[in-house]
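Coordinates from final36.cif are shown below (mmCIF, C-alpha atoms).
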data_structure
#
loop_
_atom_site.label_atom_id
_atom_site.label_comp_id
_atom_site.auth_asym_id
_atom_site.auth_seq_id
_atom_site.Cartn_x
_atom_site.Cartn_y
_atom_site.Cartn_z
CA MET A 2 -8.04 25.28 -18.84
CA VAL A 3 -6.37 27.22 -16.03
CA ILE A 4 -3.01 25.93 -14.83
CA GLU A 5 -1.71 26.97 -11.43
CA ALA A 6 1.88 26.10 -12.35
CA GLN A 7 5.12 26.86 -10.63
CA LYS A 8 6.36 30.04 -12.31
CA LEU A 9 10.11 29.80 -12.29
CA ASP A 10 10.62 33.51 -12.86
CA SER A 11 8.57 34.67 -9.88
CA MET A 12 8.98 32.20 -7.00
CA ASN A 13 9.67 34.08 -3.79
CA PHE A 14 10.34 32.44 -0.42
CA HIS A 15 6.66 32.53 0.61
CA LYS A 16 5.64 30.70 -2.55
CA PHE A 17 8.42 28.18 -2.00
CA LYS A 18 7.13 27.47 1.52
CA HIS A 19 3.60 27.12 0.19
CA LEU A 20 4.72 24.50 -2.35
CA ILE A 21 6.55 22.52 0.34
CA LYS A 22 3.53 22.67 2.67
CA SER A 23 1.01 21.81 -0.04
CA ASP A 24 3.02 18.77 -1.16
CA LEU A 25 3.22 17.61 2.46
CA TYR A 26 -0.50 18.15 3.02
CA ARG A 27 -1.30 16.03 -0.01
CA CYS A 28 0.68 13.19 1.61
CA CYS A 29 -0.92 13.18 5.04
CA GLY A 30 -3.67 15.79 5.33
CA LYS A 31 -1.77 17.82 7.93
CA VAL A 32 1.15 20.24 8.06
CA ASN A 33 3.57 20.62 10.94
CA ILE A 34 7.30 20.48 11.50
CA SER A 35 7.37 16.95 12.93
CA LEU A 36 5.44 15.60 9.94
CA PHE A 37 7.82 17.41 7.62
CA PHE A 38 10.87 15.70 9.13
CA LYS A 39 9.09 12.35 9.29
CA HIS A 40 8.18 12.47 5.61
CA TYR A 41 11.55 13.86 4.59
CA LEU A 42 13.35 11.01 6.37
CA PHE A 43 11.03 8.11 5.57
CA VAL A 44 9.03 8.97 2.42
CA PRO A 45 11.30 8.93 -0.66
CA GLU A 46 8.68 10.50 -2.91
CA TYR A 47 8.31 13.54 -0.68
CA LYS A 48 12.07 13.84 -0.26
CA TYR A 49 12.46 14.06 -4.04
CA CYS A 50 9.73 16.70 -4.26
CA PHE A 51 11.46 18.75 -1.56
CA TRP A 52 14.79 18.83 -3.38
CA MET A 53 13.07 19.50 -6.70
CA ARG A 54 11.28 22.55 -5.23
CA LEU A 55 14.37 23.74 -3.37
CA THR A 56 16.62 23.51 -6.42
CA SER A 57 14.12 25.50 -8.45
CA TYR A 58 14.02 28.21 -5.77
CA LEU A 59 17.81 28.38 -5.38
CA LYS A 60 18.29 28.54 -9.15
CA GLN A 61 16.53 31.90 -9.16
CA HIS A 62 18.10 33.43 -6.09
CA ARG A 63 21.60 31.91 -6.04
CA LEU A 64 21.96 32.38 -2.29
CA PHE A 65 25.53 32.54 -0.97
CA GLY A 66 26.88 32.77 -4.49
CA CYS A 67 26.11 29.52 -6.25
CA SER A 68 27.21 27.02 -3.62
CA LEU A 69 23.78 26.10 -2.20
CA TYR A 70 22.31 25.82 -5.67
CA TYR A 71 24.95 23.35 -6.83
CA ILE A 72 24.69 21.36 -3.61
CA SER A 73 20.93 21.16 -4.12
CA ARG A 74 21.36 20.04 -7.72
CA ALA A 75 23.78 17.34 -6.59
CA MET A 76 21.30 16.10 -4.00
CA LEU A 77 18.49 16.05 -6.55
CA TYR A 78 20.67 14.07 -8.94
CA ARG A 79 21.51 11.61 -6.14
CA TYR A 80 17.84 10.95 -5.43
CA LYS A 81 17.06 10.78 -9.12
CA CYS A 82 19.46 7.84 -9.39
CA LYS A 83 18.43 6.29 -6.08
CA TYR A 84 14.67 6.42 -6.53
CA GLY A 85 14.30 6.30 -10.30
CA ILE A 86 12.49 9.63 -10.56
CA THR A 87 13.44 12.00 -13.38
CA ILE A 88 11.49 15.22 -12.97
CA PRO A 89 13.68 18.25 -13.79
CA PHE A 90 13.60 21.03 -11.19
CA ASP A 91 12.59 23.60 -13.82
CA THR A 92 9.45 21.74 -14.86
CA GLN A 93 6.32 23.84 -14.30
CA ILE A 94 4.39 21.99 -11.59
CA GLY A 95 1.58 23.45 -9.50
CA SER A 96 1.05 23.12 -5.77
CA GLY A 97 0.01 19.89 -4.09
CA PHE A 98 2.16 17.58 -6.20
CA TYR A 99 1.93 13.94 -5.06
CA ILE A 100 4.05 10.98 -6.16
CA GLY A 101 2.26 7.80 -5.12
CA HIS A 102 5.24 5.47 -5.50
CA PHE A 103 8.76 6.01 -6.78
CA GLY A 104 10.36 4.15 -9.68
CA GLN A 105 10.66 4.65 -13.44
CA ILE A 106 9.02 8.07 -13.48
CA VAL A 107 10.09 10.35 -16.34
CA VAL A 108 8.72 13.85 -16.99
CA ASN A 109 9.96 16.10 -19.77
CA ARG A 110 11.03 19.52 -18.49
CA ASN A 111 8.79 21.26 -21.03
CA ALA A 112 5.62 19.62 -19.72
CA VAL A 113 3.21 21.78 -17.71
CA ILE A 114 1.42 20.20 -14.74
CA GLY A 115 -1.37 21.86 -12.77
CA LYS A 116 -2.09 21.71 -9.05
CA ASN A 117 -2.96 18.53 -7.13
CA CYS A 118 -1.54 16.11 -9.66
CA ASN A 119 -1.05 12.46 -8.65
CA ILE A 120 1.72 10.56 -10.44
CA SER A 121 2.30 6.84 -9.94
CA GLN A 122 5.25 4.56 -10.63
CA GLY A 123 6.19 3.89 -14.23
CA VAL A 124 4.63 7.10 -15.57
CA THR A 125 6.15 8.88 -18.57
CA ILE A 126 5.13 12.38 -19.62
CA GLY A 127 7.16 12.88 -22.76
CA VAL A 128 7.76 14.82 -25.94
CA ALA A 129 6.67 14.07 -29.49
CA ASN A 130 9.36 15.22 -31.90
CA ARG A 131 7.31 15.32 -35.09
CA GLY A 132 3.79 15.43 -36.48
CA ASP A 133 0.74 17.50 -35.58
CA ARG A 134 1.27 16.83 -31.87
CA LYS A 135 4.91 17.88 -31.73
CA GLY A 136 5.66 19.11 -28.21
CA CYS A 137 4.83 18.17 -24.61
CA PRO A 138 1.63 17.66 -22.62
CA THR A 139 -0.20 20.31 -20.63
CA ILE A 140 -2.00 18.72 -17.70
CA GLY A 141 -4.80 20.37 -15.75
CA ASP A 142 -5.67 20.45 -12.05
CA ASN A 143 -6.68 17.45 -9.90
CA VAL A 144 -5.44 14.86 -12.37
CA TYR A 145 -4.70 11.26 -11.40
CA ILE A 146 -2.18 9.40 -13.56
CA GLY A 147 -2.13 5.66 -12.85
CA PRO A 148 0.84 3.27 -12.78
CA GLY A 149 2.57 2.77 -16.08
CA ALA A 150 0.58 5.43 -17.95
CA LYS A 151 2.27 7.24 -20.83
CA LEU A 152 1.39 10.72 -22.12
CA PHE A 153 3.10 12.04 -25.23
CA GLY A 154 2.97 15.10 -27.45
CA ASN A 155 1.38 18.53 -27.45
CA ILE A 156 -1.87 17.44 -25.85
CA ASN A 157 -4.17 19.07 -23.29
CA VAL A 158 -5.42 16.96 -20.40
CA GLY A 159 -8.36 18.64 -18.71
CA ASN A 160 -9.12 19.18 -15.03
CA ASN A 161 -10.31 16.35 -12.74
CA VAL A 162 -9.19 13.63 -15.16
CA ALA A 163 -8.34 10.05 -14.16
CA ILE A 164 -5.94 8.14 -16.40
CA GLY A 165 -5.88 4.39 -15.85
CA ALA A 166 -2.93 2.07 -15.40
CA ASN A 167 -0.80 1.46 -18.52
CA CYS A 168 -2.96 3.83 -20.56
CA VAL A 169 -1.31 5.58 -23.52
CA VAL A 170 -2.60 9.11 -24.14
CA THR A 171 -1.73 10.92 -27.37
CA LYS A 172 -4.84 13.09 -27.83
CA ASP A 173 -6.63 15.83 -25.89
CA ILE A 174 -8.72 14.72 -22.92
CA PRO A 175 -11.76 16.74 -21.73
CA ASP A 176 -12.48 17.71 -18.14
CA ASP A 177 -13.82 15.02 -15.77
CA ALA A 178 -12.95 12.15 -18.09
CA VAL A 179 -11.84 8.65 -17.09
CA VAL A 180 -9.39 7.34 -19.69
CA VAL A 181 -8.19 3.75 -20.15
CA GLY A 182 -6.59 1.55 -22.76
CA VAL A 183 -4.07 1.69 -25.60
CA PRO A 184 -4.68 4.08 -27.20
CA GLY A 185 -6.49 5.92 -24.40
CA ARG A 186 -10.26 6.24 -24.72
CA VAL A 187 -12.82 7.95 -22.50
CA ILE A 188 -15.10 5.47 -20.74
CA SER A 189 -16.93 7.76 -18.29
CA ASN A 190 -17.24 11.29 -16.93
CA LYS A 191 -16.74 10.36 -13.25
CA GLY A 192 -13.33 12.04 -13.23
CA SER A 193 -10.68 11.73 -10.52
CA SER A 194 -12.94 12.02 -7.48
CA GLY A 195 -11.75 9.60 -4.81
CA TYR A 196 -8.29 9.29 -6.34
CA VAL A 197 -7.05 12.83 -5.70
CA ASN A 198 -7.41 13.58 -1.99
CA ASN A 199 -6.26 16.17 0.59
CA THR A 200 -6.69 19.12 -1.74
CA ASP A 201 -8.08 21.59 0.81
CA TYR A 202 -4.66 22.83 1.95
CA LEU A 203 -5.52 26.42 1.05
CA LYS A 204 -7.83 26.35 4.08
CA LYS A 205 -5.00 25.04 6.26
CA CYS A 206 -2.01 26.84 4.77
CA LYS A 207 -1.77 30.52 3.98
CA LYS A 208 -2.53 31.16 0.33
CA VAL A 209 0.47 32.82 -1.29
CA ASP A 210 0.22 31.79 -4.92
CA GLN A 211 -1.45 34.99 -6.06
#
Spell out the structure here as structure tokens.
Amino acid sequence: MVIEAQKLDSMNFHKFKHLIKSDLYRCCGKVNISLFFKHYLFVPEYKYCFWMRLTSYLKQHRLFGCSLYYISRAMLYRYKCKYGITIPFDTQIGSGFYIGHFGQIVVNRNAVIGKNCNISQGVTIGVANRGDRKGCPTIGDNVYIGPGAKLFGNINVGNNVAIGANCVVTKDIPDDAVVVGVPGRVISNKGSSGYVNNTDYLKKCKKVDQ
């Protein structure tokens, strides 16, 4: 499984811009400056993503000493409390990240999330502290995670997977699976088609990830 994750040790300004544009494109299928300001002002989920990406970028480059970095961290913390989203800025997250609705979202910083991931309200991506699955999830590309779903432990979730509402996933999931229930079980191989949209931003935005 190939993960196009945000590499914290190699994010230059062009990659930062690409992440901002790809997240915006996932929201509305277009990228321009007016849409950026509209979504920043009126879409809490995108606003959080923006500050998460910016804080990660500033952490590496420490522009103007450390002042901008600490301001960015303070803003991210503010929106964490305001919107109920806890996704650390140093979490490895690929391009085209989309939060469907804010509230009670918790992601462990050691999780790895691929490109074009959809996360809904009430989702937890957490650590298992003991047992054969000790560790955090690795999630592939084009994955839809429904409201209230929980993923725990050192598990691999394949590409194009759809995880249903309130599902609990503690085992590996193959590509193209649809998973539901507690514990999660595969019910079909229809995958996330129709749930993960606006993924063709590489045709609209300059590709800079390589």
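The space separating atom CA of Gly123 of chain A from atom CA of Ala163 of chain A comes to 15.8 Å.
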TODO: Could you tell me which residues the PyMOL selection byres ((chain A and resi 107) around 9) grabs in this file, written as a PyMOL selection string?
DONE: chain A and resi 85-88+105-106+108-109+123-127
TODO: Just the residues within 8 Å of segment 51-61 of chain A, please, counting all atoms listed in the file, with nothing from its chain fewer than 3 positions along; format it as JSON, numbers by chain.
DONE: {"A": [9, 10, 12, 13, 14, 17, 20, 21, 41, 47, 48, 64, 69, 70, 73, 74, 76, 77, 88, 89, 90, 91]}
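Run against this file, the PyMOL selection byres ((chain A and resi 183) around 10) gives back A:Ala150, A:Lys151, A:Asn167, A:Cys168, A:Val169, A:Val170, A:Thr171, A:Val180, A:Val181, A:Gly182, A:Pro184, A:Gly185, A:Arg186.
Shortest separation to Gly195 of chain A among A:Gln122, A:Tyr145, A:Gly101, A:Ser23 occurs at residue A:Tyr145, atoms counted being all atoms listed in the file.
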Residue contacts of Ala112 of chain A (9 Å, all atoms listed in the file) excluding same-chain residues fewer than 6 positions away, as a PDB file with C-alpha atoms, keeping the file's coordinate frame:
ATOM      1  CA  THR A  92       9.450  21.740 -14.860  1.00  0.00           C
ATOM      2  CA  GLN A  93       6.320  23.840 -14.300  1.00  0.00           C
ATOM      3  CA  ILE A  94       4.390  21.990 -11.590  1.00  0.00           C
ATOM      4  CA  ILE A 126       5.130  12.380 -19.620  1.00  0.00           C
ATOM      5  CA  GLY A 127       7.160  12.880 -22.760  1.00  0.00           C
ATOM      6  CA  VAL A 128       7.760  14.820 -25.940  1.00  0.00           C
ATOM      7  CA  GLY A 136       5.660  19.110 -28.210  1.00  0.00           C
ATOM      8  CA  CYS A 137       4.830  18.170 -24.610  1.00  0.00           C
ATOM      9  CA  PRO A 138       1.630  17.660 -22.620  1.00  0.00           C
ATOM     10  CA  THR A 139      -0.200  20.310 -20.630  1.00  0.00           C
ATOM     11  CA  ILE A 140      -2.000  18.720 -17.700  1.00  0.00           C
ATOM     12  CA  ASN A 155       1.380  18.530 -27.450  1.00  0.00           C
TER      13      ASN A 155
END
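Atom CA of Leu42 of chain A is found 18.1 Å from atom CA of Phe98 of chain A.
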Open item on the list: So the first atom is atom CA of Tyr202 of chain A and the second is atom CA of Gly30 of chain A; what is the distance between them in Å, to one decimal place?
Closed with: 7.9 Å
Open item on the list: Restricting the calculation to only C-alpha atoms: of A:Cys118, A:Leu36, A:Ile174, A:Ile164, which residue gets closest to Asn199 of chain A?
Closed with: A:Cys118
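The closest residue to Asn119 of chain A, picked from A:Val162, A:Val144, A:Cys29, A:Val179 and counting only C-alpha atoms, is A:Val144.
Among the candidate residues A:Gly97, A:Gly104, A:His62, A:Asn143, the one lying nearest to Lys83 of chain A is A:Gly104, with distances computed using all atoms listed in the file.
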- [ ] Take the PyMOL selection byres ((chain A and resi 141) around 10), apply it to the structure above, and return the hits as number ranges by chain.
- [x] A: 2-6, 95, 113-118, 138-140, 142-144, 157-162, 174-176
